[in-house]
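Data block for input.pdb (PDB, C-alpha atoms, pLDDT in the B column):
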ATOM      1  CA  MET A  10     -10.415  -9.209  27.978  1.00 61.00           C
ATOM      2  CA  ASN A  11     -10.584  -6.491  25.327  1.00 79.00           C
ATOM      3  CA  LEU A  12      -9.381  -3.918  27.832  1.00 83.00           C
ATOM      4  CA  VAL A  13      -6.389  -6.098  28.704  1.00 84.00           C
ATOM      5  CA  CYS A  14      -5.496  -6.472  25.017  1.00 83.00           C
ATOM      6  CA  PHE A  15      -5.846  -2.734  24.507  1.00 81.00           C
ATOM      7  CA  LEU A  16      -3.618  -1.952  27.479  1.00 81.00           C
ATOM      8  CA  LEU A  17      -0.988  -4.451  26.325  1.00 81.00           C
ATOM      9  CA  ALA A  18      -1.009  -2.931  22.849  1.00 81.00           C
ATOM     10  CA  LEU A  19      -0.706   0.544  24.322  1.00 73.00           C
ATOM     11  CA  LEU A  20       2.212  -0.555  26.497  1.00 73.00           C
ATOM     12  CA  ALA A  21       3.942  -2.247  23.562  1.00 75.00           C
ATOM     13  CA  THR A  22       3.560   0.933  21.521  1.00 72.00           C
ATOM     14  CA  ALA A  23       4.962   3.067  24.317  1.00 65.00           C
ATOM     15  CA  LEU A  24       7.968   0.772  24.739  1.00 67.00           C
ATOM     16  CA  SER A  25       8.686   0.271  21.035  1.00 65.00           C
ATOM     17  CA  LEU A  26      11.979   1.367  19.579  1.00 63.00           C
ATOM     18  CA  ASP A  27      12.122   4.780  17.992  1.00 69.00           C
ATOM     19  CA  ASN A  28      14.284   3.635  15.088  1.00 69.00           C
ATOM     20  CA  GLY A  29      12.254   5.158  12.253  1.00 68.00           C
ATOM     21  CA  LEU A  30      10.923   1.846  10.974  1.00 67.00           C
ATOM     22  CA  ALA A  31       7.220   1.380  10.267  1.00 63.00           C
ATOM     23  CA  LYS A  32       6.300   4.969  11.010  1.00 64.00           C
ATOM     24  CA  THR A  33       3.602   4.761   8.347  1.00 64.00           C
ATOM     25  CA  PRO A  34       1.631   1.817   7.000  1.00 65.00           C
ATOM     26  CA  PRO A  35       2.710   0.356   3.669  1.00 67.00           C
ATOM     27  CA  LEU A  36       1.065   2.515   1.013  1.00 69.00           C
ATOM     28  CA  LEU A  37       0.695   1.298  -2.527  1.00 74.00           C
ATOM     29  CA  TYR A  38      -1.257   1.432  -5.750  1.00 73.00           C
ATOM     30  CA  SER A  39      -2.540  -1.840  -7.193  1.00 75.00           C
ATOM     31  CA  THR A  40      -3.961  -2.560 -10.648  1.00 71.00           C
ATOM     32  CA  PHE A  41      -6.142  -5.330  -9.186  1.00 72.00           C
ATOM     33  CA  ASP A  42      -9.433  -3.612 -10.075  1.00 71.00           C
ATOM     34  CA  LYS A  43      -8.254  -2.610 -13.551  1.00 70.00           C
ATOM     35  CA  GLY A  44      -8.875  -6.049 -15.064  1.00 71.00           C
ATOM     36  CA  CYS A  45      -6.753  -7.463 -17.873  1.00 75.00           C
ATOM     37  CA  ASP A  46      -6.260  -4.227 -19.805  1.00 77.00           C
ATOM     38  CA  ILE A  47      -2.811  -3.409 -18.378  1.00 80.00           C
ATOM     39  CA  SER A  48      -0.174  -1.784 -20.572  1.00 84.00           C
ATOM     40  CA  ASP A  49       3.200  -0.129 -20.167  1.00 87.00           C
ATOM     41  CA  ASP A  50       1.613   3.261 -20.821  1.00 90.00           C
ATOM     42  CA  TYR A  51      -1.035   2.656 -18.138  1.00 85.00           C
ATOM     43  CA  ILE A  52       1.551   1.715 -15.484  1.00 84.00           C
ATOM     44  CA  ARG A  53       3.735   4.709 -16.356  1.00 90.00           C
ATOM     45  CA  ALA A  54       0.705   6.992 -16.120  1.00 88.00           C
ATOM     46  CA  GLN A  55      -0.122   5.658 -12.633  1.00 84.00           C
ATOM     47  CA  VAL A  56       3.468   6.132 -11.442  1.00 87.00           C
ATOM     48  CA  ASN A  57       3.491   9.670 -12.870  1.00 90.00           C
ATOM     49  CA  LEU A  58       0.260  10.406 -10.982  1.00 86.00           C
ATOM     50  CA  LEU A  59       1.820   9.210  -7.726  1.00 85.00           C
ATOM     51  CA  LEU A  60       4.734  11.550  -8.356  1.00 90.00           C
ATOM     52  CA  SER A  61       2.850  14.592  -9.666  1.00 92.00           C
ATOM     53  CA  THR A  62       0.173  14.583  -6.957  1.00 89.00           C
ATOM     54  CA  GLY A  63       2.728  14.332  -4.153  1.00 89.00           C
ATOM     55  CA  LEU A  64       1.522  10.914  -2.982  1.00 84.00           C
ATOM     56  CA  ALA A  65       4.999   9.434  -3.500  1.00 85.00           C
ATOM     57  CA  ALA A  66       6.404  12.025  -1.107  1.00 87.00           C
ATOM     58  CA  ARG A  67       3.754  10.985   1.430  1.00 82.00           C
ATOM     59  CA  GLY A  68       4.751   7.315   1.358  1.00 80.00           C
ATOM     60  CA  TYR A  69       3.172   5.711  -1.695  1.00 80.00           C
ATOM     61  CA  LYS A  70       6.316   4.003  -2.971  1.00 79.00           C
ATOM     62  CA  THR A  71       5.002   0.767  -4.500  1.00 80.00           C
ATOM     63  CA  VAL A  72       2.993  -0.013  -7.621  1.00 81.00           C
ATOM     64  CA  ILE A  73       1.696  -3.581  -7.751  1.00 79.00           C
ATOM     65  CA  ILE A  74       0.902  -4.852 -11.226  1.00 79.00           C
ATOM     66  CA  ASP A  75      -1.764  -7.545 -11.355  1.00 75.00           C
ATOM     67  CA  ASP A  76      -1.116  -9.438 -14.572  1.00 70.00           C
ATOM     68  CA  CYS A  77      -4.600 -10.975 -14.803  1.00 70.00           C
ATOM     69  CA  TRP A  78      -3.362 -14.550 -14.533  1.00 69.00           C
ATOM     70  CA  GLN A  79      -6.812 -15.972 -13.800  1.00 65.00           C
ATOM     71  CA  VAL A  80      -9.733 -15.065 -16.028  1.00 61.00           C
ATOM     72  CA  GLU A  81     -13.153 -16.547 -15.419  1.00 64.00           C
ATOM     73  CA  ASN A  82     -15.604 -16.869 -18.269  1.00 61.00           C
ATOM     74  CA  TYR A  83     -19.239 -16.839 -17.307  1.00 54.00           C
TER      75      TYR A  83
END
So that I can check it, write out the structure of this file as structure tokens.
Amino acid sequence: MNLVCFLLALLATALSLDNGLAKTPPLLYSTFDKGCDISDDYIRAQVNLLLSTGLAARGYKTVIIDDCWQVENY
């Protein structure tokens, strides 16, 4: 069964349109692991890093800001 799925996926890839869409996976930076200490300066610094390191040119076009809406106290 796995071989059949693999062959179908391979066939679908071979027959897909060459229209330029989805050539790379969605690449992004997320503040999820940063915690609740998010500021304007921090976000600007992350965007500047994407630009200055060349990652933006390689497809990293999105910065997701996690606003720490749920905080658990233990």
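Atom CA of Thr40 of chain A is found 16.6 Å from atom CA of Ala65 of chain A.
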Quiz item: What is the distance between atom CA of Leu59 of chain A and atom CA of Cys77 of chain A, in Å to one decimal?
Solution: 22.3 Å
Taking (2.0, 6.5, -9.0) as a centre in this file's frame and 12 Å as the limit, can you find every polymer residue with an atom that close, using only C-alpha atoms, and give them as a compact mmCIF listing (two decimals) with C-alpha atoms, in the coordinates of the input?
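Everything below was put into point.txt:
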# COMPACT_ATOMS: atom_id res chain seq x y z
CA LEU A 36 1.06 2.52 1.01
CA LEU A 37 0.70 1.30 -2.53
CA TYR A 38 -1.26 1.43 -5.75
CA SER A 39 -2.54 -1.84 -7.19
CA THR A 40 -3.96 -2.56 -10.65
CA TYR A 51 -1.03 2.66 -18.14
CA ILE A 52 1.55 1.72 -15.48
CA ARG A 53 3.74 4.71 -16.36
CA ALA A 54 0.70 6.99 -16.12
CA GLN A 55 -0.12 5.66 -12.63
CA VAL A 56 3.47 6.13 -11.44
CA ASN A 57 3.49 9.67 -12.87
CA LEU A 58 0.26 10.41 -10.98
CA LEU A 59 1.82 9.21 -7.73
CA LEU A 60 4.73 11.55 -8.36
CA SER A 61 2.85 14.59 -9.67
CA THR A 62 0.17 14.58 -6.96
CA GLY A 63 2.73 14.33 -4.15
CA LEU A 64 1.52 10.91 -2.98
CA ALA A 65 5.00 9.43 -3.50
CA ALA A 66 6.40 12.02 -1.11
CA ARG A 67 3.75 10.98 1.43
CA GLY A 68 4.75 7.32 1.36
CA TYR A 69 3.17 5.71 -1.70
CA LYS A 70 6.32 4.00 -2.97
CA THR A 71 5.00 0.77 -4.50
CA VAL A 72 2.99 -0.01 -7.62
CA ILE A 73 1.70 -3.58 -7.75
CA ILE A 74 0.90 -4.85 -11.23
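Relative to atom CA of Asp76 of chain A, atom CA of Lys43 of chain A is found at 9.9 Å.
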